[in-house]
Amino acid sequence: MMSEVIVVTSGKGGVGKTTTTANLGTGLAAAGHKAVLVDADIGLRNLDVVLGLENRIVYDITNVTDKQIPYRKAIIKDKRYENLFLLPAAQTKDKTAVSPDQMKELCDDLRQEFEYVIIDCPAGIEQGFKNAIAGADRAIVVTTPEVSAVRDADRIIGLLEANELRDPKLIVNRLRYNMVKAGDMMSIDDILDILAVELLGVVPEDEMVVITTNRGETVVQDDKSRSGQAYRNIVRRMNGEQVPLMDLQEGGILKKLRKFMGMK
Amino acid sequence: MENSYKNQDRHSNGVEETAGDENTILIKRTLRSGQRLHYDGNVVVMGDVNPGAEIMASGNIIVMGQLRGVVHAGAGGNEKAIVMSFRLAPTQLRIANHITRPPDGDTQETDRPEIASIKNGVVTIELFNVSIDRQHR
């Protein structure tokens with residue numbers, strides 16, 4: 001089986017790594033792929049909360065890496081998708097509870113069973129980052145259109161390259177088209193000009209992300225939302241499909257619809 | 001321990017009046033996310049237990065505040081252990097080797113103290129009410 005271990009990382013905190021991980025995982029599962037999401041943010045776990053699975057946790061990643069239990073005992077099946085699983089982080093420990101070698105071993109175990117292993121990387125460039133990328137085949141870098149986030153993304157891309165993770169793919173999150181048009185926000189071109197990596201997708205700012213996250217759901221399941229559409233497009237691109245970037249212009253439903261039909 | 005049952009109206013809610021020879025620890029603060037308390041005996045928290053916090057006790061757990069985190073009473077296998085809180089809304093509640101979680105969807109929260117114990121092999125949550133509990137016994 002062809003399987004991939006993908007780390008979702010950003011350097012800066014709060015740009016949407018966890019949201020992206022949850023949405024990509026859900027999207028891949030909805031498209032029929034067997035996926036496991038690994039929360040590598042030990043001590044500040046969130047992925048379980050975002051997926052609404054917090055109250056099902058009995059064992060966590062450190063129990064697996066310490067060889068107390070097999071990973072099958074620790075992974076939690078998603079509420080909605082039979083083929084989506086979560087390996088939760090430990091909340092009461094810190095990043096040093098796991099070593100890069102242990103992560104590598106874990107990823108190699110998981111890749112035997114799952115088509116996609118998606119690792120939610122903690123913010124920062126310290127131990128947690130090193131753990132998260134240790135077993136990955138490729139990386140997805142998430143950034144927002146802010147100078148600080150782009151600066152950190154640049155640093156992360158450099159560090160990934162130094163660790164033999166070349167050609168990371170970029171997701172630009174929380175883009176506000178109207179602000180870009182007014183020249184008040186960095187545009188996709190501005191960002192790509194600095195980072196010079198392949199663009200995997202652009203997710204517009206969307207309050208549905210907040211609404212669904214608070215419910216323990218993911219926006220990718222919401223057929224109507226623009227951000228959900230963006231995530232679904234990203235999932236299709238991950239599977240090798242050529243999907244053009246969606247029209248980010250706000251308003252003009254007819255125009256959007258026409259464009260959308262044209263895309264299909 | 002059994003002889004403590006003689007005087008029925010002096011104890012209630014399944015709490016062993018003489019809780020073995022276990023110790024009891026008093027925590028005079030709120031347990032926050034990531035904080036974990038592992039204690040061989042009973043635990044009384046004068047504060048809240050927030051989501052992400054965890055208490056494991058071989059005896060009973062009493063939270064004089066909101067219980068929203070994970071608790072494990074009777075962690076050594078004591079099925080007579082109880083969990084009590086002024087506001088019982090745990091992420092997950094374990095007693096001995098029983099694990100429960102609240103049902104999915106909206107759960108109604110009560111503003112009254114509640115007590116969780118094992119009854120007929122299942123974890124049961126009831127309002128903490130001394131007089132009703134006496135009738136049970």
# chains A, B, ... in the order shown; residues from 1 in each chain; ligands from 1
>>> residues_around(residues="A:Ala153", least_positions_apart="6", cutoff="12 Å", atoms="only C-alpha atoms", output="VMD selection string")
chain A and resid 8 to 13 15 17 123 to 125 139 to 147 159 to 160 168 to 172 191 to 192 194 to 197
>>> write_last_selection(atoms="C-alpha atoms", output="short mmCIF file (atom, residue, chain, number, x, y, z; two decimals), in the first residue's frame")
data_model
loop_
_atom_site.label_atom_id
_atom_site.label_comp_id
_atom_site.auth_asym_id
_atom_site.auth_seq_id
_atom_site.Cartn_x
_atom_site.Cartn_y
_atom_site.Cartn_z
CA VAL A 8 1.39 19.94 9.17
CA THR A 9 3.60 22.69 10.53
CA SER A 10 3.93 26.48 10.60
CA GLY A 11 6.43 27.78 13.11
CA LYS A 12 4.10 30.47 14.32
CA GLY A 13 1.21 29.56 16.58
CA VAL A 15 -2.30 30.15 12.11
CA LYS A 17 -2.35 23.95 11.98
CA ALA A 123 4.22 25.70 17.26
CA GLY A 124 7.89 26.53 17.67
CA ILE A 125 11.11 25.01 16.41
CA ALA A 139 5.40 18.56 4.92
CA ILE A 140 2.54 20.98 4.57
CA VAL A 141 3.36 24.47 5.79
CA VAL A 142 0.44 26.61 6.95
CA THR A 143 0.71 30.38 7.05
CA THR A 144 -1.59 33.37 7.27
CA PRO A 145 -1.12 36.51 5.14
CA GLU A 146 0.82 38.32 7.86
CA VAL A 147 4.47 39.29 7.76
CA LEU A 159 14.58 23.85 8.86
CA LEU A 160 12.53 21.26 6.96
CA PRO A 168 6.96 21.40 1.27
CA LYS A 169 3.51 22.46 0.10
CA LEU A 170 1.97 25.69 1.28
CA ILE A 171 -1.53 26.42 2.55
CA VAL A 172 -2.42 30.09 3.01
CA ILE A 191 3.63 35.34 -0.04
CA LEU A 192 4.82 33.06 -2.83
CA ILE A 194 9.04 35.25 -0.42
CA LEU A 195 8.51 31.56 0.24
CA ALA A 196 8.91 30.17 -3.29
CA VAL A 197 7.20 26.87 -2.60
#
>>> interface_residues(of="chain A", to="chain B", cutoff="8 Å", atoms="only C-alpha atoms", output="list in words")
Gly43, Leu44, Glu54, Asn55, Arg56, Gln91, Thr92 and Lys93 of chain A
>>> select_by_dssp(residues="stretch 17-230 of chain A", states="helix (DSSP H, G or I)", output="VMD selection string")
chain A and resid 17 to 30 47 to 50 54 to 56 61 to 65 71 to 74 95 to 97 100 to 113 127 to 134 147 to 162 177 to 181 188 to 195 207 to 214 219 to 221 226 to 230
>>> write_last_selection(atoms="C-alpha atoms", output="mmCIF file, in the first residue's frame")
data_model
loop_
_atom_site.group_PDB
_atom_site.id
_atom_site.type_symbol
_atom_site.label_atom_id
_atom_site.label_comp_id
_atom_site.auth_asym_id
_atom_site.auth_seq_id
_atom_site.Cartn_x
_atom_site.Cartn_y
_atom_site.Cartn_z
ATOM 1 C CA LYS A 17 -2.352 23.948 11.982
ATOM 2 C CA THR A 18 -4.799 21.993 14.076
ATOM 3 C CA THR A 19 -7.818 23.181 12.097
ATOM 4 C CA THR A 20 -6.035 22.286 8.877
ATOM 5 C CA THR A 21 -5.035 18.850 10.180
ATOM 6 C CA ALA A 22 -8.597 18.108 11.270
ATOM 7 C CA ASN A 23 -10.077 19.273 7.983
ATOM 8 C CA LEU A 24 -7.596 17.464 5.775
ATOM 9 C CA GLY A 25 -8.078 14.273 7.783
ATOM 10 C CA THR A 26 -11.847 14.526 7.619
ATOM 11 C CA GLY A 27 -11.725 15.402 3.930
ATOM 12 C CA LEU A 28 -9.466 12.464 3.126
ATOM 13 C CA ALA A 29 -11.681 10.121 5.128
ATOM 14 C CA ALA A 30 -14.781 11.445 3.362
ATOM 15 C CA LEU A 47 -6.815 18.105 18.040
ATOM 16 C CA ASP A 48 -9.055 15.906 20.175
ATOM 17 C CA VAL A 49 -11.111 18.935 21.187
ATOM 18 C CA VAL A 50 -11.432 20.177 17.622
ATOM 19 C CA GLU A 54 -11.810 14.548 23.999
ATOM 20 C CA ASN A 55 -14.067 12.490 26.216
ATOM 21 C CA ARG A 56 -13.068 9.229 24.539
ATOM 22 C CA ILE A 61 0.782 8.838 22.282
ATOM 23 C CA THR A 62 3.261 8.567 25.165
ATOM 24 C CA ASN A 63 1.720 5.266 26.263
ATOM 25 C CA VAL A 64 2.414 3.995 22.754
ATOM 26 C CA THR A 65 5.946 5.352 22.396
ATOM 27 C CA TYR A 71 -1.063 1.874 19.026
ATOM 28 C CA ARG A 72 -4.333 0.152 18.136
ATOM 29 C CA LYS A 73 -5.392 0.470 21.735
ATOM 30 C CA ALA A 74 -4.737 4.198 21.833
ATOM 31 C CA LYS A 95 7.567 17.494 24.600
ATOM 32 C CA THR A 96 10.507 15.599 26.075
ATOM 33 C CA ALA A 97 8.200 12.644 26.794
ATOM 34 C CA PRO A 100 12.459 11.708 17.422
ATOM 35 C CA ASP A 101 13.504 8.051 17.151
ATOM 36 C CA GLN A 102 10.322 6.948 18.894
ATOM 37 C CA MET A 103 8.238 9.105 16.563
ATOM 38 C CA LYS A 104 9.953 7.602 13.555
ATOM 39 C CA GLU A 105 9.177 4.119 14.778
ATOM 40 C CA LEU A 106 5.565 5.076 15.467
ATOM 41 C CA CYS A 107 5.118 6.562 12.004
ATOM 42 C CA ASP A 108 6.542 3.446 10.413
ATOM 43 C CA ASP A 109 4.092 1.313 12.376
ATOM 44 C CA LEU A 110 1.154 3.509 11.441
ATOM 45 C CA ARG A 111 2.043 3.559 7.769
ATOM 46 C CA GLN A 112 1.512 -0.208 7.609
ATOM 47 C CA GLU A 113 -2.178 0.280 8.305
ATOM 48 C CA GLN A 127 11.871 19.500 20.595
ATOM 49 C CA GLY A 128 8.190 19.225 19.686
ATOM 50 C CA PHE A 129 8.882 20.309 16.122
ATOM 51 C CA LYS A 130 11.822 17.928 15.835
ATOM 52 C CA ASN A 131 9.652 15.069 17.085
ATOM 53 C CA ALA A 132 6.791 15.893 14.746
ATOM 54 C CA ILE A 133 8.911 15.966 11.591
ATOM 55 C CA ALA A 134 11.111 12.965 12.458
ATOM 56 C CA VAL A 147 4.469 39.288 7.764
ATOM 57 C CA SER A 148 5.203 37.544 11.045
ATOM 58 C CA ALA A 149 3.576 34.256 10.000
ATOM 59 C CA VAL A 150 5.292 34.334 6.619
ATOM 60 C CA ARG A 151 8.642 35.043 8.266
ATOM 61 C CA ASP A 152 8.195 32.036 10.547
ATOM 62 C CA ALA A 153 7.039 29.879 7.641
ATOM 63 C CA ASP A 154 10.239 30.805 5.807
ATOM 64 C CA ARG A 155 12.304 29.744 8.795
ATOM 65 C CA ILE A 156 10.363 26.477 9.038
ATOM 66 C CA ILE A 157 10.857 25.698 5.351
ATOM 67 C CA GLY A 158 14.596 26.177 5.868
ATOM 68 C CA LEU A 159 14.585 23.849 8.856
ATOM 69 C CA LEU A 160 12.533 21.256 6.957
ATOM 70 C CA GLU A 161 15.041 21.324 4.120
ATOM 71 C CA ALA A 162 17.876 20.882 6.601
ATOM 72 C CA TYR A 177 -9.959 38.877 -0.381
ATOM 73 C CA ASN A 178 -11.375 42.354 0.150
ATOM 74 C CA MET A 179 -8.396 43.387 2.261
ATOM 75 C CA VAL A 180 -5.974 42.053 -0.303
ATOM 76 C CA LYS A 181 -7.797 43.964 -3.014
ATOM 77 C CA ILE A 188 -0.886 35.150 -2.475
ATOM 78 C CA ASP A 189 1.691 36.467 -4.913
ATOM 79 C CA ASP A 190 3.425 38.454 -2.181
ATOM 80 C CA ILE A 191 3.630 35.339 -0.042
ATOM 81 C CA LEU A 192 4.818 33.058 -2.828
ATOM 82 C CA ASP A 193 7.376 35.660 -3.804
ATOM 83 C CA ILE A 194 9.038 35.246 -0.421
ATOM 84 C CA LEU A 195 8.515 31.562 0.239
ATOM 85 C CA GLU A 207 -16.652 32.368 10.490
ATOM 86 C CA MET A 208 -18.002 28.891 9.771
ATOM 87 C CA VAL A 209 -14.592 27.598 10.866
ATOM 88 C CA VAL A 210 -15.179 29.008 14.328
ATOM 89 C CA ILE A 211 -18.759 27.803 14.425
ATOM 90 C CA THR A 212 -17.980 24.235 13.377
ATOM 91 C CA THR A 213 -14.894 24.013 15.574
ATOM 92 C CA ASN A 214 -16.893 25.002 18.633
ATOM 93 C CA VAL A 219 -15.865 22.868 8.168
ATOM 94 C CA VAL A 220 -14.899 20.521 5.334
ATOM 95 C CA GLN A 221 -18.144 18.658 6.020
ATOM 96 C CA ARG A 226 -16.304 28.600 1.189
ATOM 97 C CA SER A 227 -13.582 27.447 3.519
ATOM 98 C CA GLY A 228 -15.032 23.934 3.388
ATOM 99 C CA GLN A 229 -14.848 24.064 -0.393
ATOM 100 C CA ALA A 230 -11.247 25.251 -0.146
#
>>> residues_around(residues="stretch 77-84 of chain B", least_positions_apart="3", cutoff="6 Å", atoms="only C-alpha atoms", output="JSON, numbers by chain")
{"B": [59, 60, 61, 62, 73, 74, 96, 114, 115, 116, 117]}
>>> atom_distance(atom1="atom CA of A:Ile6", atom2="atom CA of A:Gly135")
8.7 Å
>>> closest_residue(among="A:Glu4, A:Asp41, A:Glu198, A:Glu217", to="A:Asp167", atoms="only C-alpha atoms")
A:Glu198
>>> residues_around(residues="B:His72", least_positions_apart="3", cutoff="7 Å", atoms="only C-alpha atoms", output="ChimeraX atom specification")
/B:55-57,75,93-95
>>> write_last_selection(atoms="C-alpha atoms", output="compact mmCIF listing (two decimals), in the first residue's frame")
# COMPACT_ATOMS: atom_id res chain seq x y z
CA ILE B 55 -7.27 13.20 39.13
CA MET B 56 -6.54 9.57 39.90
CA ALA B 57 -7.25 8.38 43.40
CA ALA B 75 -8.11 3.52 40.74
CA LEU B 93 -15.48 9.63 34.69
CA ARG B 94 -13.89 6.40 35.79
CA ILE B 95 -14.57 4.32 38.85
>>> closest_residue(among="B:Glu109, B:Glu22, B:Glu126, B:Asp40", to="B:Ala89", atoms="only C-alpha atoms")
B:Glu109
>>> decode(residues="stretch 149-199 of chain A", atoms="N, CA and C atoms", output="compact mmCIF listing (two decimals), in the first residue's frame")
# COMPACT_ATOMS: atom_id res chain seq x y z
N ALA A 149 3.83 35.67 10.31
CA ALA A 149 3.58 34.26 10.00
C ALA A 149 4.40 33.81 8.80
N VAL A 150 4.52 34.69 7.81
CA VAL A 150 5.29 34.33 6.62
C VAL A 150 6.78 34.22 6.97
N ARG A 151 7.25 35.12 7.83
CA ARG A 151 8.64 35.04 8.27
C ARG A 151 8.93 33.71 8.95
N ASP A 152 8.01 33.31 9.84
CA ASP A 152 8.19 32.04 10.55
C ASP A 152 8.08 30.85 9.59
N ALA A 153 7.18 30.95 8.62
CA ALA A 153 7.04 29.88 7.64
C ALA A 153 8.34 29.72 6.86
N ASP A 154 8.97 30.84 6.54
CA ASP A 154 10.24 30.80 5.81
C ASP A 154 11.30 30.08 6.62
N ARG A 155 11.34 30.39 7.90
CA ARG A 155 12.30 29.74 8.79
C ARG A 155 12.04 28.24 8.86
N ILE A 156 10.75 27.89 8.95
CA ILE A 156 10.36 26.48 9.04
C ILE A 156 10.76 25.73 7.77
N ILE A 157 10.52 26.35 6.62
CA ILE A 157 10.86 25.70 5.35
C ILE A 157 12.36 25.42 5.30
N GLY A 158 13.15 26.39 5.79
CA GLY A 158 14.60 26.18 5.87
C GLY A 158 14.96 25.01 6.77
N LEU A 159 14.31 24.94 7.92
CA LEU A 159 14.58 23.85 8.86
C LEU A 159 14.14 22.50 8.29
N LEU A 160 13.01 22.50 7.57
CA LEU A 160 12.53 21.26 6.96
C LEU A 160 13.55 20.77 5.93
N GLU A 161 14.06 21.70 5.14
CA GLU A 161 15.04 21.32 4.12
C GLU A 161 16.29 20.76 4.77
N ALA A 162 16.71 21.37 5.88
CA ALA A 162 17.88 20.88 6.60
C ALA A 162 17.65 19.48 7.15
N ASN A 163 16.40 19.10 7.29
CA ASN A 163 16.06 17.76 7.78
C ASN A 163 15.58 16.86 6.65
N GLU A 164 16.01 17.16 5.45
CA GLU A 164 15.71 16.31 4.29
C GLU A 164 14.24 16.26 3.92
N LEU A 165 13.47 17.23 4.39
CA LEU A 165 12.07 17.30 3.96
C LEU A 165 11.97 18.41 2.92
N ARG A 166 12.18 18.03 1.67
CA ARG A 166 12.21 19.03 0.61
C ARG A 166 10.85 19.23 -0.01
N ASP A 167 10.72 20.33 -0.73
CA ASP A 167 9.49 20.66 -1.46
C ASP A 167 8.23 20.60 -0.60
N PRO A 168 8.20 21.34 0.49
CA PRO A 168 6.96 21.40 1.27
C PRO A 168 5.89 22.12 0.47
N LYS A 169 4.64 21.80 0.77
CA LYS A 169 3.51 22.46 0.10
C LYS A 169 2.93 23.50 1.06
N LEU A 170 2.43 24.57 0.46
CA LEU A 170 1.97 25.69 1.28
C LEU A 170 0.44 25.82 1.28
N ILE A 171 -0.11 26.05 2.45
CA ILE A 171 -1.53 26.42 2.55
C ILE A 171 -1.59 27.82 3.17
N VAL A 172 -2.22 28.74 2.46
CA VAL A 172 -2.42 30.09 3.01
C VAL A 172 -3.82 30.12 3.62
N ASN A 173 -3.84 30.38 4.91
CA ASN A 173 -5.08 30.30 5.67
C ASN A 173 -5.59 31.71 6.01
N ARG A 174 -6.88 31.82 6.17
CA ARG A 174 -7.53 33.04 6.65
C ARG A 174 -7.30 34.25 5.75
N LEU A 175 -7.32 34.03 4.45
CA LEU A 175 -7.14 35.15 3.52
C LEU A 175 -8.43 35.94 3.41
N ARG A 176 -8.31 37.26 3.46
CA ARG A 176 -9.47 38.12 3.25
C ARG A 176 -9.30 38.83 1.94
N TYR A 177 -10.11 38.39 0.98
CA TYR A 177 -9.96 38.88 -0.38
C TYR A 177 -10.10 40.40 -0.46
N ASN A 178 -11.12 40.91 0.23
CA ASN A 178 -11.37 42.35 0.15
C ASN A 178 -10.21 43.18 0.68
N MET A 179 -9.54 42.66 1.71
CA MET A 179 -8.40 43.39 2.26
C MET A 179 -7.21 43.33 1.32
N VAL A 180 -7.06 42.18 0.67
CA VAL A 180 -5.97 42.05 -0.30
C VAL A 180 -6.19 43.04 -1.45
N LYS A 181 -7.46 43.09 -1.89
CA LYS A 181 -7.80 43.96 -3.01
C LYS A 181 -7.53 45.43 -2.67
N ALA A 182 -7.78 45.77 -1.41
CA ALA A 182 -7.55 47.15 -0.98
C ALA A 182 -6.08 47.41 -0.67
N GLY A 183 -5.26 46.39 -0.80
CA GLY A 183 -3.83 46.55 -0.52
C GLY A 183 -3.50 46.54 0.95
N ASP A 184 -4.45 46.06 1.78
CA ASP A 184 -4.21 46.06 3.23
C ASP A 184 -3.73 44.72 3.75
N MET A 185 -3.67 43.74 2.87
CA MET A 185 -3.23 42.42 3.31
C MET A 185 -2.31 41.84 2.25
N MET A 186 -1.34 41.05 2.68
CA MET A 186 -0.44 40.41 1.73
C MET A 186 -1.25 39.54 0.77
N SER A 187 -0.91 39.58 -0.48
CA SER A 187 -1.60 38.73 -1.45
C SER A 187 -0.87 37.40 -1.57
N ILE A 188 -1.51 36.45 -2.25
CA ILE A 188 -0.89 35.15 -2.48
C ILE A 188 0.45 35.33 -3.20
N ASP A 189 0.45 36.23 -4.16
CA ASP A 189 1.69 36.47 -4.91
C ASP A 189 2.80 37.00 -4.01
N ASP A 190 2.43 37.93 -3.12
CA ASP A 190 3.42 38.45 -2.18
C ASP A 190 4.04 37.32 -1.36
N ILE A 191 3.17 36.43 -0.91
CA ILE A 191 3.63 35.34 -0.04
C ILE A 191 4.51 34.37 -0.82
N LEU A 192 4.05 34.01 -2.02
CA LEU A 192 4.82 33.06 -2.83
C LEU A 192 6.14 33.65 -3.27
N ASP A 193 6.15 34.97 -3.42
CA ASP A 193 7.38 35.66 -3.80
C ASP A 193 8.47 35.43 -2.76
N ILE A 194 8.07 35.44 -1.51
CA ILE A 194 9.04 35.25 -0.42
C ILE A 194 9.35 33.76 -0.22
N LEU A 195 8.31 32.95 -0.17
CA LEU A 195 8.51 31.56 0.24
C LEU A 195 8.95 30.65 -0.91
N ALA A 196 8.52 30.95 -2.12
CA ALA A 196 8.91 30.17 -3.29
C ALA A 196 8.74 28.68 -3.11
N VAL A 197 7.54 28.30 -2.67
CA VAL A 197 7.20 26.87 -2.60
C VAL A 197 5.88 26.67 -3.33
N GLU A 198 5.55 25.40 -3.54
CA GLU A 198 4.33 25.11 -4.28
C GLU A 198 3.10 25.37 -3.42
N LEU A 199 2.12 26.05 -4.02
CA LEU A 199 0.89 26.39 -3.29
C LEU A 199 -0.09 25.23 -3.37
